[in-house]
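Q: Have a look at the structure that comes next, please.
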Amino acid sequence: MAQPRLMYALAKDGLVPSFFGKIDRNGNLMNGTVISGLLMVFIASFVPFNKLDDMISAGILICFSLTNASLVLMRLSSPTNKPYFLEKQIGLFGIFSFLLAYIIAHCAASAFGKGLAIVLCLFMTLTCLSIKYTCPESMNFGGQYSSFGPAGHREPAFFRAPFVPLLPCTAIFLNSYLLVQLERGAILILFLYFLAAILFYFMYGAKHSSGNNYGWKIDGKYSQLVREISLPYVPKSTSEDTVQTLVC
């Protein structure tokens, strides 16, 4: 149900073709609705439900891991003398978490598996501690490269999650442990889907992205994307005052 609206938002940001952002004269997202509906019918008709269930579960677990990683990136920042150090450490932690979870779930019975699990656990712990004691707290919500508040000021109105980065890193490992227990074929299909999405982004989305083309502009207290704002469908009978209210 929400897929056409999601495609509409992506189209307005330039990440997918503008075809998905067109609204008909009745205010409906007809293009996105038809394409999404046909795609869902195709998947439901030809993909076995046992693989589809595991693929959806794997996708949700990966999204949860990305959410926890985003929390660390928005609350902490890389050292001034090591640009992108935090992003690299989060990536390494995710890799170590997945490998450790796979070893525990499928290879823990052998002596080699146990030894490898201990080494990976050590690397994962050191990476988490490196993030905690090397990466300072960001001065503004949103991290070093995407601010959601005035620079150099810790905004007290935003919710502060406790035990960062220990709690998000633990959640990433638990999600990885649940992920590796799903059917391997479904996980492979999901990774192929992510690979196709990444290729599409670099081949199309990155070139047409509003953020990449127009950049970010600090306007008062919050950052906003400099892009053309499309109003929702407004019936012809709507008064001029109402239209002006929508614009404001």
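Scheme for the structure tokens: letters A, B, ... for chains in order shown; per-chain residue numbers from 1; ligand numbers from 1 in order shown.
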Where does stretch 15-107 of chain A meet stretch 186-208 of chain A within 9 Å, residue by residue, with the nearest atom pair and distance in Å to one decimal for each, counting only C-alpha atoms, listed by chain and rising number, as a tab-separated table?
A:
```
residue	atom	partner	partner_atom	distance
A:Leu15	CA	A:Gly205	CA	4.1
A:Val16	CA	A:Gly205	CA	6.2
A:Pro17	CA	A:Tyr204	CA	8.6
A:Asn50	CA	A:Ala186	CA	8.6
A:Lys51	CA	A:Ala186	CA	5.1
A:Leu52	CA	A:Ala186	CA	7.0
A:Asp53	CA	A:Ala186	CA	8.3
A:Asp54	CA	A:Ala186	CA	5.8
A:Met55	CA	A:Ala186	CA	4.8
A:Ile56	CA	A:Leu190	CA	8.3
A:Ala58	CA	A:Ile187	CA	6.6
A:Gly59	CA	A:Leu190	CA	7.0
```
Q: List the spatial neighbours of stretch 117-134 of chain A as a VMD selection string - criterion: any atom at most 9 Å away, only C-alpha atoms, same-chain residues fewer than 2 positions off excluded.
A: chain A and resid 76 78 to 79 85 to 86 89 to 90 92 to 97 99 to 101 103 to 104 107 to 108 112 to 115 136 164 to 166 169
Q: Could you write those residues out with C-alpha atoms, as a compact mmCIF listing (two decimals), in the first residue's frame?
A:
```
# COMPACT_ATOMS: atom_id res chain seq x y z
CA LEU A 76 29.33 10.22 17.15
CA SER A 78 35.27 10.67 13.40
CA PRO A 79 38.45 12.11 14.94
CA PHE A 85 37.25 6.64 10.59
CA LEU A 86 33.85 6.06 12.25
CA GLN A 89 34.82 1.05 11.91
CA ILE A 90 31.06 0.57 11.64
CA LEU A 92 34.21 -3.52 9.89
CA PHE A 93 32.00 -4.23 12.89
CA GLY A 94 29.15 -5.26 10.60
CA ILE A 95 31.44 -7.66 8.70
CA PHE A 96 32.87 -9.16 11.90
CA SER A 97 29.36 -9.52 13.34
CA LEU A 99 31.08 -13.73 10.14
CA LEU A 100 30.95 -14.45 13.87
CA ALA A 101 27.22 -15.10 13.76
CA ILE A 103 30.47 -19.39 12.55
CA ILE A 104 28.41 -19.75 15.75
CA CYS A 107 30.57 -24.16 12.38
CA ALA A 108 30.77 -23.99 16.17
CA PHE A 112 38.62 -24.68 13.99
CA GLY A 113 35.21 -23.05 14.17
CA LYS A 114 35.55 -22.40 17.88
CA GLY A 115 39.00 -20.88 17.46
CA PRO A 136 33.96 11.72 20.23
CA VAL A 164 25.95 4.36 22.43
CA PRO A 165 27.75 2.62 20.72
CA LEU A 166 27.57 -0.50 22.93
CA CYS A 169 26.56 -2.70 18.24
```
Q: Between A:Asn213, A:Asn175, A:Asn31, A:Gln181, which has the minimum distance to A:Leu66 (counting only C-alpha atoms)?
A: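 Result for the nearest residue to A:Leu66: A:Asn175.
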Q: Quick one: pick out all strand (DSSP E) residues within stretch 30-227 of chain A from a backbone DSSP run and write them as a PyMOL selection string.
A: chain A and resi 216-219+222-225
Q: Atoms to include: C-alpha atoms. Write the selected residues as a PDB file, in the first residue's frame.
A:
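Listing of again.pdb after writing:
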```pdb
ATOM      1  CA  TRP A 216      22.590  21.165   1.423  1.00  0.00           C
ATOM      2  CA  LYS A 217      21.770  24.640   2.593  1.00  0.00           C
ATOM      3  CA  ILE A 218      21.721  25.787   6.195  1.00  0.00           C
ATOM      4  CA  ASP A 219      18.562  27.805   6.664  1.00  0.00           C
ATOM      5  CA  TYR A 222      17.807  23.272  10.660  1.00  0.00           C
ATOM      6  CA  SER A 223      19.318  21.970   7.435  1.00  0.00           C
ATOM      7  CA  GLN A 224      17.072  21.542   4.448  1.00  0.00           C
ATOM      8  CA  LEU A 225      17.601  20.071   1.034  1.00  0.00           C
TER       9      LEU A 225
END
```
Q: Looking at A:Pro48, A:Gly185, A:Gly32, A:Gly91, which one is nearest to A:Ala9, with distances taken over only C-alpha atoms?
A: A:Gly32
Q: Do a neighbour search on A:Ile35 at 9 Å with only C-alpha atoms, toss out local chain neighbours closer than 4 positions, and write the hits as a ChimeraX atom specification.
A: /A:4,20,30-31,39-40
Q: Quick one: residues within 9 Å of A:Phe64, only C-alpha atoms counted, chain neighbours fewer than 4 positions away excluded, as a list in words?
A: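 Residues near the query, excluding close chain neighbours: Gly59, Ile60, Asn68, Ala69, Ala171, Ile172 and Asn175 of chain A.
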Q: Please, what distance in Å, to one decimal, runs between atom CA of A:Phe98 and atom CA of A:Met74?
A: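 That distance, rounded to one decimal, is 22.4 Å.
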Q: Under the rule that only C-alpha atoms are counted, which of A:Ala161, A:Ile62, A:Ala109, A:Ala11 is the nearest residue to A:Phe173?
A: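 Counting only C-alpha atoms, the residue closest to A:Phe173 is A:Ile62.
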Q: Would you mind writing down, as a PyMOL selection string, each residue of stretch 11-240 of chain A that DSSP on the backbone assigns to alpha helix (DSSP H)?
A: chain A and resi 11-12+30-46+49-75+85-106+111-134+166-179+184-200+206-208+210-214+240
Q: When you count only C-alpha atoms, which of these residues is closest to A:Thr170: A:Ile43, A:Leu29, A:Val72, A:Ile23?
A: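 Going through A:Ile43, A:Leu29, A:Val72, A:Ile23 one by one, the smallest distance to A:Thr170 is for A:Val72.
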Q: Which distance in Å separates atom CA of A:Leu38 and atom CA of A:Gly14, to one decimal?
A: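 Computed distance, atom CA of A:Leu38 to atom CA of A:Gly14, equals 22.8 Å.
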Q: How many Å lie between atom CA of A:Leu179 and atom CA of A:Cys63, rounded to one decimal?
A: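 Atom-to-atom, atom CA of A:Leu179 to atom CA of A:Cys63, that is 11.3 Å.
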